[in-house]
>>> print(open('target28.cif').read())   # mmCIF, C-alpha atoms
data_structure
#
loop_
_atom_site.label_atom_id
_atom_site.label_comp_id
_atom_site.auth_asym_id
_atom_site.auth_seq_id
_atom_site.Cartn_x
_atom_site.Cartn_y
_atom_site.Cartn_z
CA MET A 25 90.37 102.22 124.07
CA PRO A 26 91.25 99.51 121.50
CA GLY A 27 89.53 99.60 118.12
CA ALA A 28 87.14 97.02 116.71
CA ILE A 29 90.18 94.87 115.84
CA TYR A 30 93.21 94.98 118.11
CA ALA A 31 96.35 92.86 118.23
CA GLU A 32 99.45 93.22 120.35
CA GLY A 33 102.65 91.24 119.91
CA LEU A 34 101.17 88.29 118.00
CA VAL A 35 103.72 85.51 117.48
CA LYS A 36 103.13 82.24 115.64
CA THR A 37 105.69 79.64 114.65
CA PHE A 38 105.42 76.46 112.59
CA GLY A 39 108.45 74.30 113.27
CA ASP A 40 111.47 76.46 112.48
CA VAL A 41 109.39 79.04 110.57
CA LYS A 42 108.26 82.17 112.43
CA ALA A 43 105.14 83.14 110.49
CA LEU A 44 104.32 86.04 112.86
CA ASP A 45 107.03 87.92 114.69
CA GLY A 46 105.22 90.38 116.96
CA VAL A 47 102.31 91.78 114.91
CA ASP A 48 100.58 94.89 116.33
CA LEU A 49 97.32 96.19 114.83
CA ASP A 50 94.56 98.60 115.84
CA VAL A 51 91.57 99.10 113.51
CA PRO A 52 89.04 101.80 114.50
CA GLU A 53 85.36 100.92 114.23
CA GLY A 54 83.82 101.52 110.80
CA THR A 55 87.13 101.69 108.91
CA VAL A 56 89.09 99.50 106.51
CA LEU A 57 92.64 98.39 107.27
CA GLY A 58 94.51 97.02 104.27
CA LEU A 59 97.07 94.41 105.29
CA LEU A 60 99.50 94.61 102.39
CA GLY A 61 102.29 92.20 101.59
CA PRO A 62 103.50 89.39 99.31
CA ASN A 63 102.80 85.69 99.77
CA GLY A 64 104.47 84.41 102.90
CA ALA A 65 104.50 87.81 104.63
CA GLY A 66 102.16 86.65 107.42
CA LYS A 67 98.84 88.11 106.27
CA THR A 68 96.80 84.90 106.26
CA THR A 69 98.32 83.71 109.54
CA THR A 70 97.33 87.03 111.14
CA VAL A 71 93.75 86.64 109.94
CA ARG A 72 93.59 83.06 111.19
CA CYS A 73 94.77 84.10 114.63
CA LEU A 74 92.28 86.97 114.83
CA THR A 75 89.38 84.78 113.68
CA THR A 76 90.15 81.95 116.18
CA LEU A 77 91.25 79.47 113.49
CA LEU A 78 94.80 79.47 114.91
CA ARG A 79 95.99 80.10 118.45
CA PRO A 80 99.01 82.42 118.60
CA ASP A 81 102.03 81.29 120.60
CA ARG A 82 102.25 84.70 122.25
CA GLY A 83 100.40 87.99 122.20
CA ARG A 84 96.94 89.38 122.77
CA ALA A 85 94.00 90.02 120.47
CA VAL A 86 90.58 91.63 120.92
CA VAL A 87 87.88 91.60 118.22
CA ALA A 88 84.53 93.39 118.60
CA GLY A 89 85.40 94.00 122.25
CA VAL A 90 85.94 90.29 122.98
CA ASP A 91 89.22 88.64 123.95
CA VAL A 92 90.04 86.21 121.14
CA LEU A 93 91.95 83.75 123.33
CA LYS A 94 89.58 83.75 126.31
CA HIS A 95 86.22 83.77 124.52
CA PRO A 96 86.66 82.39 120.97
CA ASN A 97 83.01 81.32 120.61
CA ASP A 98 81.80 84.85 121.34
CA VAL A 99 84.24 86.22 118.75
CA ARG A 100 82.88 83.84 116.10
CA ARG A 101 79.37 85.20 116.68
CA SER A 102 80.56 88.73 115.93
CA ILE A 103 82.61 88.26 112.77
CA GLY A 104 82.37 87.29 109.13
CA LEU A 105 85.22 85.69 107.20
CA SER A 106 85.78 85.43 103.47
CA GLY A 107 88.93 83.49 102.57
CA GLN A 108 91.15 83.24 99.51
CA PHE A 109 88.97 80.50 98.02
CA ALA A 110 85.17 80.43 97.88
CA ALA A 111 83.90 78.09 100.62
CA VAL A 112 80.53 77.14 99.14
CA ASP A 113 78.81 73.80 98.64
CA GLU A 114 78.88 73.40 94.88
CA TYR A 115 76.00 70.92 94.84
CA LEU A 116 73.61 73.31 96.58
CA THR A 117 72.06 76.26 94.79
CA GLY A 118 73.11 79.78 95.67
CA ARG A 119 69.87 80.24 97.61
CA GLU A 120 70.32 76.95 99.48
CA ASN A 121 73.89 77.85 100.42
CA LEU A 122 72.81 81.10 102.03
CA GLN A 123 69.79 79.60 103.76
CA MET A 124 71.98 76.82 105.16
CA VAL A 125 74.38 79.37 106.65
CA GLY A 126 71.45 81.20 108.23
CA ARG A 127 70.14 78.01 109.80
CA LEU A 128 73.62 77.15 111.11
CA TYR A 129 73.53 80.53 112.88
CA GLN A 130 70.19 79.44 114.39
CA MET A 131 68.07 81.84 112.36
CA ARG A 132 64.44 80.83 111.93
CA ALA A 133 63.69 79.30 108.53
CA LYS A 134 61.57 82.25 107.40
CA ALA A 135 64.25 84.78 108.43
CA ALA A 136 67.01 82.75 106.75
CA LYS A 137 64.98 82.60 103.53
CA ALA A 138 64.34 86.35 103.56
CA ARG A 139 67.99 87.16 104.28
CA ALA A 140 69.14 84.85 101.47
CA ALA A 141 66.84 86.61 98.99
CA GLU A 142 68.11 90.01 100.13
CA LEU A 143 71.76 89.04 99.72
CA LEU A 144 71.22 87.41 96.33
CA GLU A 145 69.82 90.72 95.07
CA GLN A 146 72.59 92.76 96.69
CA PHE A 147 75.33 90.61 95.14
CA ASP A 148 73.75 90.47 91.68
CA LEU A 149 73.06 86.72 91.95
CA ALA A 150 69.26 86.70 91.89
CA ASP A 151 69.07 85.37 88.30
CA ALA A 152 71.30 82.41 89.26
CA ALA A 153 69.82 81.86 92.72
CA ASP A 154 68.34 78.45 91.94
CA ARG A 155 71.27 77.06 89.96
CA PRO A 156 73.81 74.73 91.60
CA ALA A 157 76.90 76.65 92.70
CA LYS A 158 79.09 74.35 90.57
CA THR A 159 77.66 76.09 87.49
CA TYR A 160 78.81 79.53 88.75
CA SER A 161 81.80 81.39 87.37
CA GLY A 162 84.75 82.16 89.64
CA GLY A 163 83.50 85.70 90.21
CA MET A 164 79.99 84.49 91.06
CA ARG A 165 81.36 81.96 93.55
CA ARG A 166 83.44 84.66 95.18
CA ARG A 167 80.39 86.91 95.52
CA LEU A 168 78.35 84.01 96.93
CA ASP A 169 81.10 83.30 99.46
CA LEU A 170 81.12 86.93 100.56
CA ALA A 171 77.31 86.93 100.80
CA ALA A 172 77.51 83.86 103.05
CA ALA A 173 79.91 85.71 105.35
CA LEU A 174 77.33 88.50 105.69
CA VAL A 175 74.22 86.42 106.44
CA VAL A 176 74.20 87.54 110.08
CA SER A 177 75.36 91.13 109.36
CA PRO A 178 78.53 90.91 111.47
CA PRO A 179 79.99 94.15 112.86
CA VAL A 180 83.52 93.00 111.97
CA MET A 181 84.60 91.40 108.69
CA PHE A 182 87.84 89.73 107.62
CA MET A 183 88.55 89.31 103.91
CA ASP A 184 91.67 87.36 103.02
CA GLU A 185 92.66 88.27 99.45
CA PRO A 186 89.01 88.28 98.31
CA THR A 187 89.73 89.29 94.69
CA THR A 188 92.68 86.97 93.96
CA GLY A 189 92.27 85.48 90.49
CA LEU A 190 89.26 87.59 89.51
CA ASP A 191 88.99 89.46 86.22
CA PRO A 192 88.82 93.29 86.34
CA ARG A 193 85.01 93.40 86.03
CA ASN A 194 84.39 91.02 88.93
CA ARG A 195 87.07 92.74 90.99
CA GLN A 196 85.29 96.06 90.52
CA LEU A 197 81.96 94.46 91.48
CA LEU A 198 83.46 93.18 94.71
CA TRP A 199 85.03 96.56 95.42
CA ASP A 200 81.59 98.17 95.10
CA VAL A 201 80.11 95.61 97.52
CA ILE A 202 82.93 96.23 100.03
CA LYS A 203 82.37 100.00 99.87
CA ARG A 204 78.63 99.59 100.57
CA LEU A 205 79.42 97.25 103.44
CA VAL A 206 81.79 99.71 105.12
CA SER A 207 79.48 102.68 104.52
CA GLY A 208 76.94 100.75 106.62
CA GLY A 209 79.31 100.77 109.61
CA THR A 210 81.15 97.46 109.27
CA THR A 211 84.81 97.32 110.32
CA LEU A 212 86.96 95.47 107.79
CA LEU A 213 90.43 93.96 107.78
CA LEU A 214 91.37 93.27 104.16
CA THR A 215 94.50 91.38 103.16
CA THR A 216 95.73 91.87 99.63
CA GLN A 217 98.71 91.59 97.31
CA TYR A 218 97.15 94.12 94.94
CA LEU A 219 98.59 97.55 95.63
CA GLU A 220 95.79 99.22 93.65
CA GLU A 221 93.23 97.47 95.84
CA ALA A 222 94.77 98.74 99.08
CA ASP A 223 95.02 102.23 97.56
CA HIS A 224 91.38 102.12 96.46
CA LEU A 225 89.64 100.65 99.50
CA ALA A 226 91.65 101.12 102.70
CA HIS A 227 91.50 104.06 105.09
CA ASP A 228 94.80 102.86 106.56
CA ILE A 229 97.43 100.43 105.27
CA ALA A 230 99.77 98.19 107.27
CA VAL A 231 102.71 96.88 105.24
CA VAL A 232 103.71 93.38 106.36
CA ASP A 233 106.93 91.57 105.57
CA HIS A 234 108.48 88.49 107.22
CA GLY A 235 105.81 88.37 109.91
CA ARG A 236 106.15 91.97 111.07
CA VAL A 237 104.33 95.24 110.40
CA ILE A 238 107.09 97.37 108.92
CA ALA A 239 105.05 100.51 108.11
CA ARG A 240 101.62 101.93 108.82
CA GLY A 241 99.69 104.93 107.49
CA THR A 242 97.33 106.21 104.84
CA SER A 243 98.18 105.67 101.20
CA ASP A 244 99.36 109.28 100.86
CA GLN A 245 101.43 109.09 104.05
CA LEU A 246 103.21 105.96 102.87
CA LYS A 247 103.88 107.46 99.46
CA ALA A 248 105.28 110.59 101.10
CA ARG A 249 107.82 108.41 102.91
CA THR A 250 109.24 107.38 99.56
CA GLY A 251 109.56 111.03 98.58
CA GLY A 252 109.69 112.97 95.34
CA GLU A 253 108.51 112.22 91.84
CA ARG A 254 109.62 109.62 89.30
CA VAL A 255 110.78 109.98 85.73
CA GLU A 256 109.66 106.91 83.82
CA VAL A 257 111.14 106.18 80.39
CA VAL A 258 110.34 103.43 77.88
CA VAL A 259 113.09 103.13 75.27
CA HIS A 260 112.38 101.94 71.73
CA GLU A 261 115.39 99.64 71.44
CA ARG A 262 116.44 97.29 74.22
CA ASP A 263 120.11 97.89 73.31
CA ASP A 264 119.69 101.54 74.35
CA MET A 265 118.78 100.68 77.95
CA PRO A 266 122.34 100.95 79.37
CA ALA A 267 122.84 104.38 77.78
CA ALA A 268 119.40 105.54 78.94
CA SER A 269 120.20 104.31 82.46
CA GLU A 270 123.38 106.39 82.42
CA VAL A 271 121.39 109.49 81.41
CA LEU A 272 118.83 108.98 84.17
CA ARG A 273 121.58 108.38 86.72
CA GLY A 274 122.82 111.88 86.00
CA PHE A 275 119.46 113.42 86.88
CA GLY A 276 118.25 111.00 89.55
CA LYS A 277 118.16 111.28 93.35
CA GLY A 278 118.33 107.55 93.91
CA ASP A 279 118.76 104.18 92.24
CA THR A 280 117.33 103.57 88.78
CA THR A 281 114.81 100.72 88.56
CA VAL A 282 115.12 98.72 85.33
CA GLU A 283 112.36 96.48 83.93
CA GLU A 284 114.10 94.69 81.04
CA HIS A 285 111.03 92.95 79.62
CA MET A 286 109.18 96.27 79.30
CA ARG A 287 112.28 98.32 78.25
CA LYS A 288 111.31 100.66 81.09
CA LEU A 289 113.56 102.66 83.44
CA THR A 290 112.40 104.63 86.47
CA VAL A 291 114.36 107.00 88.72
CA PRO A 292 113.36 109.30 91.61
CA VAL A 293 113.92 113.00 90.83
CA THR A 294 113.24 116.53 91.99
CA GLY A 295 112.58 119.39 89.61
CA GLY A 296 109.24 118.56 88.02
CA ALA A 297 108.41 119.37 84.40
CA LYS A 298 111.55 121.50 83.89
CA LEU A 299 113.77 118.53 84.73
CA LEU A 300 111.68 116.26 82.50
CA ALA A 301 112.38 118.56 79.55
CA GLU A 302 116.11 118.35 80.32
CA VAL A 303 115.98 114.55 80.40
CA ILE A 304 114.24 114.51 77.01
CA ARG A 305 116.89 116.82 75.51
CA GLU A 306 119.74 114.68 76.84
CA LEU A 307 118.19 111.45 75.54
CA ASP A 308 117.74 113.11 72.14
CA THR A 309 121.35 114.34 72.15
CA ARG A 310 122.52 110.77 72.79
CA GLY A 311 120.35 109.51 69.94
CA ILE A 312 118.22 107.36 72.24
CA GLU A 313 114.76 106.87 70.74
CA ILE A 314 111.93 106.58 73.30
CA ASP A 315 108.38 105.21 73.06
CA ASP A 316 107.14 106.94 76.20
CA ILE A 317 108.30 109.27 78.97
CA GLY A 318 106.48 110.78 81.90
CA LEU A 319 106.61 112.26 85.38
CA ARG A 320 104.57 110.54 88.07
CA ARG A 321 104.08 110.43 91.83
CA PRO A 322 105.35 107.39 93.75
CA THR A 323 102.97 104.44 93.88
CA LEU A 324 102.46 101.86 96.61
CA ASP A 325 104.72 99.64 94.48
CA ASP A 326 107.49 102.17 95.03
CA VAL A 327 106.67 102.30 98.74
CA PHE A 328 106.86 98.54 99.13
CA LEU A 329 110.08 98.33 97.15
CA SER A 330 111.71 101.06 99.22
CA LEU A 331 110.61 99.47 102.50
CA THR A 332 111.39 95.83 101.76
CA GLY A 333 113.83 95.77 98.85
CA HIS A 334 111.47 93.64 96.74
CA VAL A 335 108.16 94.11 94.96
CA ALA A 336 104.80 92.92 96.29
CA GLU A 337 103.82 91.02 93.19
CA ALA A 338 101.03 88.42 93.03
CA LYS A 339 102.10 84.82 92.54
CA ASP A 340 100.47 81.78 91.09
CA ALA A 341 97.65 80.11 93.01
CA SER A 342 99.91 77.11 93.55
CA ASP A 343 102.17 79.29 95.72
CA GLU A 344 99.57 81.11 97.79
CA GLN A 345 100.24 79.57 101.19
CA GLU A 346 102.07 81.29 104.01
CA PRO A 347 105.48 79.72 104.79
CA GLY A 348 104.11 78.60 108.14
CA GLN A 349 101.30 76.69 106.48
CA LYS A 350 103.80 75.00 104.17
CA ALA A 351 106.03 74.12 107.13
CA ALA A 352 103.08 72.67 109.01
CA LYS A 353 102.13 70.51 106.02
CA GLU A 354 105.70 69.30 105.63
CA ALA A 355 105.87 68.42 109.33
CA ALA A 356 102.66 66.41 109.02
CA LYS A 357 104.04 64.21 106.23
#
>>> encode(input="target28.cif", output="structure tokens")
Amino acid sequence: MPGAIYAEGLVKTFGDVKALDGVDLDVPEGTVLGLLGPNGAGKTTTVRCLTTLLRPDRGRAVVAGVDVLKHPNDVRRSIGLSGQFAAVDEYLTGRENLQMVGRLYQMRAKAAKARAAELLEQFDLADAADRPAKTYSGGMRRRLDLAAALVVSPPVMFMDEPTTGLDPRNRQLLWDVIKRLVSGGTTLLLTTQYLEEADHLAHDIAVVDHGRVIARGTSDQLKARTGGERVEVVVHERDDMPAASEVLRGFGKGDTTVEEHMRKLTVPVTGGAKLLAEVIRELDTRGIEIDDIGLRRPTLDDVFLSLTGHVAEAKDASDEQEPGQKAAKEAAK
């Protein structure tokens, strides 16, 4: 039986750009799926198809037991959506924003007022409840937007890069809210570019690149696919990087990753602490001074790099659209 969110063979094109190229997903009820990938990978287009905002060219999708293509209105009654940018009316107060959403969902005025008060407390916005939203910080607006998506307590939530652009404190606040939400039984599909976020929140992770799911599993399972440990070295002098790279190549079990701006080199190895001691001795013999050296497990960064050949790094807000959205805008000009 399909999970709370199910997609099979989703395809979506914009002109000559294939934004989705056969996406398959299955999210069990009460779990979090992290949809991980860089800008343009197809994450936002997937969310838009699953939430009825876009109609896929091919494929099938079921959300909360309802066929997305056949009964879109019923799907909308069962989901909440929080996008990349806070969709709040900046001239209304926080309280008025939430009450308005409740009334749009045909809640009685008294019930909408009570639900708004409850959410304002839950999202740490009670002190600012009667201030216009335009006076809110970015983190406060994001929390208000998420609260609005939860006015009707939907069984299925979609969050499209909810913490993009937030400072560490507000990101942690949102993470805490998301954890409480899921512990209450909500099923969540979370798109993110932040590898730490997927590692921290998701029960399962689907890695997306060029409109396809290229890997799926828990964080530990994906890391195991990369294999082994990493020796990570930060040299003191940039001029010593070629020599240090040569040393690591002699001990490594794969290609050495070089980050010039940080004077950092990383190579996969086997052998643990004993091998680390040998690396240190060889660097010392060569007269290469180091600022830091360590042995670590692979991260989701390593996983993404090994799977796609490029890193999943966040980009500027000006470049946050999927390629398909850009193509559609160009075609409309």
>>> atom_distance(input="target28.cif", atom1="atom CA of Thr210 of chain A", atom2="atom CA of Ser102 of chain A")
11.0 Å
>>> closest_residue(input="target28.cif", among="A:Leu49, A:Leu190, A:Ala222, A:Val56", to="Lys203 of chain A", atoms="all atoms listed in the file")
A:Val56
>>> axis_aligned_box(input="target28.cif", around="segment 219-231 of chain A", padding_each_side="6 Å", output="AutoDock Vina command-line options")
--center_x 96.2 --center_y 100.5 --center_z 100.5 --size_x 25.1 --size_y 19.2 --size_z 25.6
>>> residues_near_point(input="target28.cif", point="(99.5, 88.8, 120.5)", cutoff="6 Å", atoms="all atoms listed in the file", output="PyMOL selection string")
chain A and resi 31-34+82-85
>>> atom_distance(input="target28.cif", atom1="atom CA of Asp228 of chain A", atom2="atom CA of Gly241 of chain A")
5.4 Å
